[in-house]
Amino acid sequence: MQKINRNVVLALLSLTSLVFLLFQLCYYKFYLSQKNGAAFSKARGSQSGQDSTRWHVVRKFLGLISSHNIPVYLIDPLILGLVDKDIEQIRSSPDGPSPECKYFCAPRDFTTFALLDKTWKHDVGLFRTAEKMGFQWLKIINKDPRLDGMDDLSGMEIPLHYIFKLASHAIHLVVFYERSGNFLWHGPLRLKQHMDRKFVPFRKLHFGRYPGAYEKPELLLVSIDDLKVQIPKNPSSFLEEMSHSRFLECRYREARAFFQLYPDDASLDAVEFRKKAKSLLHLAALTLNNLGVKFWLSSGTCLGWFRQCNVIPHSKDVDLGIFIRDYKADIIPAFQKAGLPLKHKFGKVEDSLELSFQGEDDVKLDIFFFYEEDDHIWNGGTQAKSGKKFKYLFPKFTLCWTEFVELKVHVPCETLQYVEANYGPEWKVPVKTWDWKSSPFNVQDNGIWPIDEWDNVIQIY
């Protein structure tokens, strides 16, 4: 009898322990984990709780911003890359069911959205609601460069980025601002000293390491993983734009220091030239952009932007650079159609090509074509009366956006090296007497054009 009772007791104890263990598991899964934001029930077709967490965080964030009527759009490069592969199917079935969580469940630390500043007043009510929903949030502010100028460095700060964190996932909200050059700009993500650098893995953010410049996107409302969201209408174009979006501000502080040493020319002739140069640059940009030809500020125009945030009044021309690989035969007729007759054409596509167009009065547009070698880049020059060739060497460079005379335009990202190559270490000192054959710091003799080629490589109109 004692033996039977002992077995019964052991069985009851084992059963009780099993029931208690099951209770603990259920308690953790359905109460503690939801309270602490560690897990969510699975989304349709997802393969793990972690995948589902991402989807649920995005869904809660979209619900949050929808409740405050804040229009955001998706700019996450990983998700847009996946969406782009299926874009036709997504466009044709905007309300169609998703058989699986394919996009928002993709492994990543962040999901990135964009917000246009003018569409929201940065109401604090959003953050109160976010906290009630379990989100932790962080606001990153920095100075507003749109208020900087030669007469004032305002230092006024504006919101640039927001981070909303829930469970193991975070939403990165990038704030875009309109600039006078009719483009969108976002600022860098720079943490203040008091901010928690472990709040999220900031180094993994796709936006914020550098300021960026973008065209205003056309948006499309679609259903992705059963979530309604706006995306750029052409995701592949946006992703391409993103890869070349780095933006450089004009250096107003340095420009002010320059003008303290060398007072600006405020004469009527200088003011008139700058007005004509600005108009010519805008027309040139419109013409080349319509052709899809990438260009940048070069020579004296680049120096003026970098040194004094303006056109150099004694330069008497506008200088642009184009990689020879981007040359198109339509360039000359396009400028002529725009009202800029060809002034001269030197060289040929294979060697030392340069074009010059006549603008208003005596202001001309010079376009220099650049050739890439293994360890350097160069453009050529030709002396018409002698057929002598010259070569100007530059270190290799990449292109960034900037804003110059109310225009979004490219400059070399490595601007200092570019300017120093052309003008030497004394580039900060104005030089009004300039000989293009001998004054440049990087000029080299490059032989003489054969006489039988002169009719082709030396054309003056």
# chains A, B, ... in the order shown; residues from 1 in each chain; ligands from 1
call {"tool": "residues_around", "arguments": {"residues": "Leu261 in chain A", "least_positions_apart": "4", "cutoff": "10 Å", "atoms": "only C-alpha atoms", "output": "ChimeraX atom specification"}}
result
/A:256-257,429
call {"tool": "closest_residue", "arguments": {"among": "A:Tyr423, A:Phe135, A:Tyr252, A:Tyr392", "to": "Gly149 in chain A", "atoms": "only C-alpha atoms"}}
result
A:Tyr252
call {"tool": "atom_distance", "arguments": {"atom1": "CA of Phe127 in chain A", "atom2": "CA of Met195 in chain A"}}
result
17.4 Å
call {"tool": "residues_around", "arguments": {"residues": "Leu74 in chain A", "least_positions_apart": "5", "cutoff": "8 Å", "atoms": "only C-alpha atoms", "output": "count of residues only"}}
result
8
call {"tool": "select_by_dssp", "arguments": {"residues": "range 310-339 of chain A", "states": "strand (DSSP E)", "output": "list in words"}}
result
Asp317, Val318, Asp319, Leu320, Gly321, Ile322 and Phe323 of chain A
call {"tool": "write_last_selection", "arguments": {"atoms": "N, CA, C and O atoms", "output": "compact mmCIF listing (two decimals), in the first residue's frame"}}
result
# COMPACT_ATOMS: atom_id res chain seq x y z
N ASP A 317 33.51 84.44 -67.43
CA ASP A 317 32.91 83.29 -68.08
C ASP A 317 32.36 82.33 -67.04
O ASP A 317 32.56 82.51 -65.83
N VAL A 318 31.66 81.30 -67.51
CA VAL A 318 31.15 80.22 -66.68
C VAL A 318 31.81 78.93 -67.14
O VAL A 318 31.83 78.64 -68.35
N ASP A 319 32.38 78.17 -66.20
CA ASP A 319 33.14 76.96 -66.54
C ASP A 319 32.45 75.72 -66.00
O ASP A 319 32.13 75.64 -64.81
N LEU A 320 32.25 74.73 -66.88
CA LEU A 320 31.64 73.46 -66.50
C LEU A 320 32.54 72.31 -66.93
O LEU A 320 33.27 72.42 -67.92
N GLY A 321 32.47 71.21 -66.19
CA GLY A 321 33.20 69.99 -66.54
C GLY A 321 32.23 68.86 -66.85
O GLY A 321 31.16 68.75 -66.23
N ILE A 322 32.61 68.01 -67.80
CA ILE A 322 31.83 66.83 -68.17
C ILE A 322 32.80 65.69 -68.45
O ILE A 322 33.81 65.89 -69.15
N PHE A 323 32.53 64.52 -67.92
CA PHE A 323 33.34 63.36 -68.27
C PHE A 323 33.10 63.01 -69.74
O PHE A 323 31.96 63.01 -70.21
call {"tool": "atom_distance", "arguments": {"atom1": "CA of Tyr177 in chain A", "atom2": "CA of Arg203 in chain A"}}
result
23.1 Å
call {"tool": "atom_distance", "arguments": {"atom1": "CA of Leu221 in chain A", "atom2": "CA of Asp109 in chain A"}}
result
24.2 Å
call {"tool": "residues_around", "arguments": {"residues": "Val175 in chain A", "least_positions_apart": "3", "cutoff": "9 Å", "atoms": "only C-alpha atoms", "output": "PDB file with all heavy atoms, in the first residue's frame"}}
result
ATOM      1  N   PHE A 113      11.498  55.836 -43.237  1.00  0.00           N
ATOM      2  CA  PHE A 113      10.454  56.605 -43.893  1.00  0.00           C
ATOM      3  C   PHE A 113      10.916  58.057 -44.039  1.00  0.00           C
ATOM      4  O   PHE A 113      11.836  58.510 -43.350  1.00  0.00           O
ATOM      5  CB  PHE A 113       9.152  56.571 -43.086  1.00  0.00           C
ATOM      6  CG  PHE A 113       8.447  55.255 -43.115  1.00  0.00           C
ATOM      7  CD1 PHE A 113       8.760  54.253 -42.203  1.00  0.00           C
ATOM      8  CD2 PHE A 113       7.449  55.002 -44.052  1.00  0.00           C
ATOM      9  CE1 PHE A 113       8.117  53.028 -42.221  1.00  0.00           C
ATOM     10  CE2 PHE A 113       6.791  53.780 -44.085  1.00  0.00           C
ATOM     11  CZ  PHE A 113       7.128  52.787 -43.170  1.00  0.00           C
ATOM     12  N   ALA A 114      10.262  58.795 -44.936  1.00  0.00           N
ATOM     13  CA  ALA A 114      10.569  60.203 -45.150  1.00  0.00           C
ATOM     14  C   ALA A 114       9.352  61.052 -44.839  1.00  0.00           C
ATOM     15  O   ALA A 114       8.200  60.622 -45.000  1.00  0.00           O
ATOM     16  CB  ALA A 114      11.017  60.448 -46.589  1.00  0.00           C
ATOM     17  N   LEU A 115       9.620  62.270 -44.414  1.00  0.00           N
ATOM     18  CA  LEU A 115       8.580  63.231 -44.087  1.00  0.00           C
ATOM     19  C   LEU A 115       8.977  64.586 -44.666  1.00  0.00           C
ATOM     20  O   LEU A 115      10.113  65.032 -44.497  1.00  0.00           O
ATOM     21  CB  LEU A 115       8.439  63.347 -42.567  1.00  0.00           C
ATOM     22  CG  LEU A 115       7.686  64.562 -42.012  1.00  0.00           C
ATOM     23  CD1 LEU A 115       6.201  64.435 -42.319  1.00  0.00           C
ATOM     24  CD2 LEU A 115       7.912  64.688 -40.517  1.00  0.00           C
ATOM     25  N   LEU A 116       8.062  65.237 -45.381  1.00  0.00           N
ATOM     26  CA  LEU A 116       8.296  66.587 -45.865  1.00  0.00           C
ATOM     27  C   LEU A 116       7.956  67.571 -44.747  1.00  0.00           C
ATOM     28  O   LEU A 116       6.837  67.558 -44.224  1.00  0.00           O
ATOM     29  CB  LEU A 116       7.450  66.890 -47.100  1.00  0.00           C
ATOM     30  CG  LEU A 116       7.759  66.062 -48.350  1.00  0.00           C
ATOM     31  CD1 LEU A 116       6.883  66.522 -49.508  1.00  0.00           C
ATOM     32  CD2 LEU A 116       9.225  66.175 -48.721  1.00  0.00           C
ATOM     33  N   ASP A 117       8.913  68.411 -44.392  1.00  0.00           N
ATOM     34  CA  ASP A 117       8.737  69.301 -43.245  1.00  0.00           C
ATOM     35  C   ASP A 117       7.472  70.144 -43.339  1.00  0.00           C
ATOM     36  O   ASP A 117       6.762  70.324 -42.342  1.00  0.00           O
ATOM     37  CB  ASP A 117       9.963  70.212 -43.126  1.00  0.00           C
ATOM     38  CG  ASP A 117       9.753  71.334 -42.127  1.00  0.00           C
ATOM     39  OD1 ASP A 117       9.674  71.043 -40.919  1.00  0.00           O
ATOM     40  OD2 ASP A 117       9.638  72.498 -42.559  1.00  0.00           O
ATOM     41  N   PRO A 159      14.542  70.241 -36.659  1.00  0.00           N
ATOM     42  CA  PRO A 159      14.553  68.773 -36.578  1.00  0.00           C
ATOM     43  C   PRO A 159      15.024  68.171 -37.904  1.00  0.00           C
ATOM     44  O   PRO A 159      14.556  68.575 -38.968  1.00  0.00           O
ATOM     45  CB  PRO A 159      13.088  68.421 -36.306  1.00  0.00           C
ATOM     46  CG  PRO A 159      12.426  69.694 -35.910  1.00  0.00           C
ATOM     47  CD  PRO A 159      13.181  70.794 -36.559  1.00  0.00           C
ATOM     48  N   LEU A 160      15.944  67.231 -37.825  1.00  0.00           N
ATOM     49  CA  LEU A 160      16.463  66.585 -39.028  1.00  0.00           C
ATOM     50  C   LEU A 160      16.098  65.102 -39.107  1.00  0.00           C
ATOM     51  O   LEU A 160      15.853  64.579 -40.191  1.00  0.00           O
ATOM     52  CB  LEU A 160      17.987  66.733 -39.085  1.00  0.00           C
ATOM     53  CG  LEU A 160      18.532  68.162 -39.168  1.00  0.00           C
ATOM     54  CD1 LEU A 160      20.052  68.136 -39.203  1.00  0.00           C
ATOM     55  CD2 LEU A 160      17.984  68.891 -40.380  1.00  0.00           C
ATOM     56  N   HIS A 161      16.079  64.431 -37.960  1.00  0.00           N
ATOM     57  CA  HIS A 161      15.792  62.992 -37.923  1.00  0.00           C
ATOM     58  C   HIS A 161      15.026  62.661 -36.652  1.00  0.00           C
ATOM     59  O   HIS A 161      15.229  63.290 -35.611  1.00  0.00           O
ATOM     60  CB  HIS A 161      17.095  62.168 -37.936  1.00  0.00           C
ATOM     61  CG  HIS A 161      17.945  62.386 -39.138  1.00  0.00           C
ATOM     62  ND1 HIS A 161      17.930  61.569 -40.241  1.00  0.00           N
ATOM     63  CD2 HIS A 161      18.866  63.347 -39.408  1.00  0.00           C
ATOM     64  CE1 HIS A 161      18.796  62.012 -41.134  1.00  0.00           C
ATOM     65  NE2 HIS A 161      19.376  63.094 -40.645  1.00  0.00           N
ATOM     66  N   TYR A 162      14.160  61.645 -36.758  1.00  0.00           N
ATOM     67  CA  TYR A 162      13.489  61.070 -35.595  1.00  0.00           C
ATOM     68  C   TYR A 162      13.725  59.562 -35.599  1.00  0.00           C
ATOM     69  O   TYR A 162      13.718  58.925 -36.663  1.00  0.00           O
ATOM     70  CB  TYR A 162      11.985  61.340 -35.627  1.00  0.00           C
ATOM     71  CG  TYR A 162      11.597  62.788 -35.440  1.00  0.00           C
ATOM     72  CD1 TYR A 162      11.300  63.587 -36.538  1.00  0.00           C
ATOM     73  CD2 TYR A 162      11.509  63.348 -34.165  1.00  0.00           C
ATOM     74  CE1 TYR A 162      10.934  64.919 -36.373  1.00  0.00           C
ATOM     75  CE2 TYR A 162      11.139  64.683 -34.000  1.00  0.00           C
ATOM     76  CZ  TYR A 162      10.861  65.458 -35.104  1.00  0.00           C
ATOM     77  OH  TYR A 162      10.502  66.768 -34.944  1.00  0.00           O
ATOM     78  N   TRP A 185      16.169  68.402 -49.467  1.00  0.00           N
ATOM     79  CA  TRP A 185      17.444  68.225 -48.761  1.00  0.00           C
ATOM     80  C   TRP A 185      17.187  67.615 -47.390  1.00  0.00           C
ATOM     81  O   TRP A 185      16.197  67.956 -46.721  1.00  0.00           O
ATOM     82  CB  TRP A 185      18.112  69.590 -48.612  1.00  0.00           C
ATOM     83  CG  TRP A 185      19.272  69.635 -47.650  1.00  0.00           C
ATOM     84  CD1 TRP A 185      20.589  69.406 -47.929  1.00  0.00           C
ATOM     85  CD2 TRP A 185      19.216  69.952 -46.256  1.00  0.00           C
ATOM     86  NE1 TRP A 185      21.350  69.557 -46.791  1.00  0.00           N
ATOM     87  CE2 TRP A 185      20.525  69.900 -45.747  1.00  0.00           C
ATOM     88  CE3 TRP A 185      18.173  70.284 -45.372  1.00  0.00           C
ATOM     89  CZ2 TRP A 185      20.835  70.148 -44.408  1.00  0.00           C
ATOM     90  CZ3 TRP A 185      18.469  70.526 -44.037  1.00  0.00           C
ATOM     91  CH2 TRP A 185      19.779  70.458 -43.577  1.00  0.00           C
ATOM     92  N   HIS A 186      18.042  66.681 -46.986  1.00  0.00           N
ATOM     93  CA  HIS A 186      18.016  66.227 -45.596  1.00  0.00           C
ATOM     94  C   HIS A 186      19.396  66.452 -44.991  1.00  0.00           C
ATOM     95  O   HIS A 186      20.427  66.403 -45.671  1.00  0.00           O
ATOM     96  CB  HIS A 186      17.590  64.764 -45.469  1.00  0.00           C
ATOM     97  CG  HIS A 186      18.621  63.764 -45.915  1.00  0.00           C
ATOM     98  ND1 HIS A 186      19.743  63.450 -45.167  1.00  0.00           N
ATOM     99  CD2 HIS A 186      18.707  63.000 -47.032  1.00  0.00           C
ATOM    100  CE1 HIS A 186      20.468  62.546 -45.794  1.00  0.00           C
ATOM    101  NE2 HIS A 186      19.870  62.259 -46.938  1.00  0.00           N
ATOM    102  N   GLY A 187      19.406  66.724 -43.702  1.00  0.00           N
ATOM    103  CA  GLY A 187      20.649  67.036 -43.012  1.00  0.00           C
ATOM    104  C   GLY A 187      21.346  65.812 -42.470  1.00  0.00           C
ATOM    105  O   GLY A 187      20.834  64.692 -42.522  1.00  0.00           O
TER     106      GLY A 187
END
call {"tool": "select_by_dssp", "arguments": {"residues": "range 132-180 of chain A", "states": "helix (DSSP H, G or I)", "output": "list of chain:residue names"}}
result
A:Lys132, A:Pro145, A:Arg146, A:Leu147
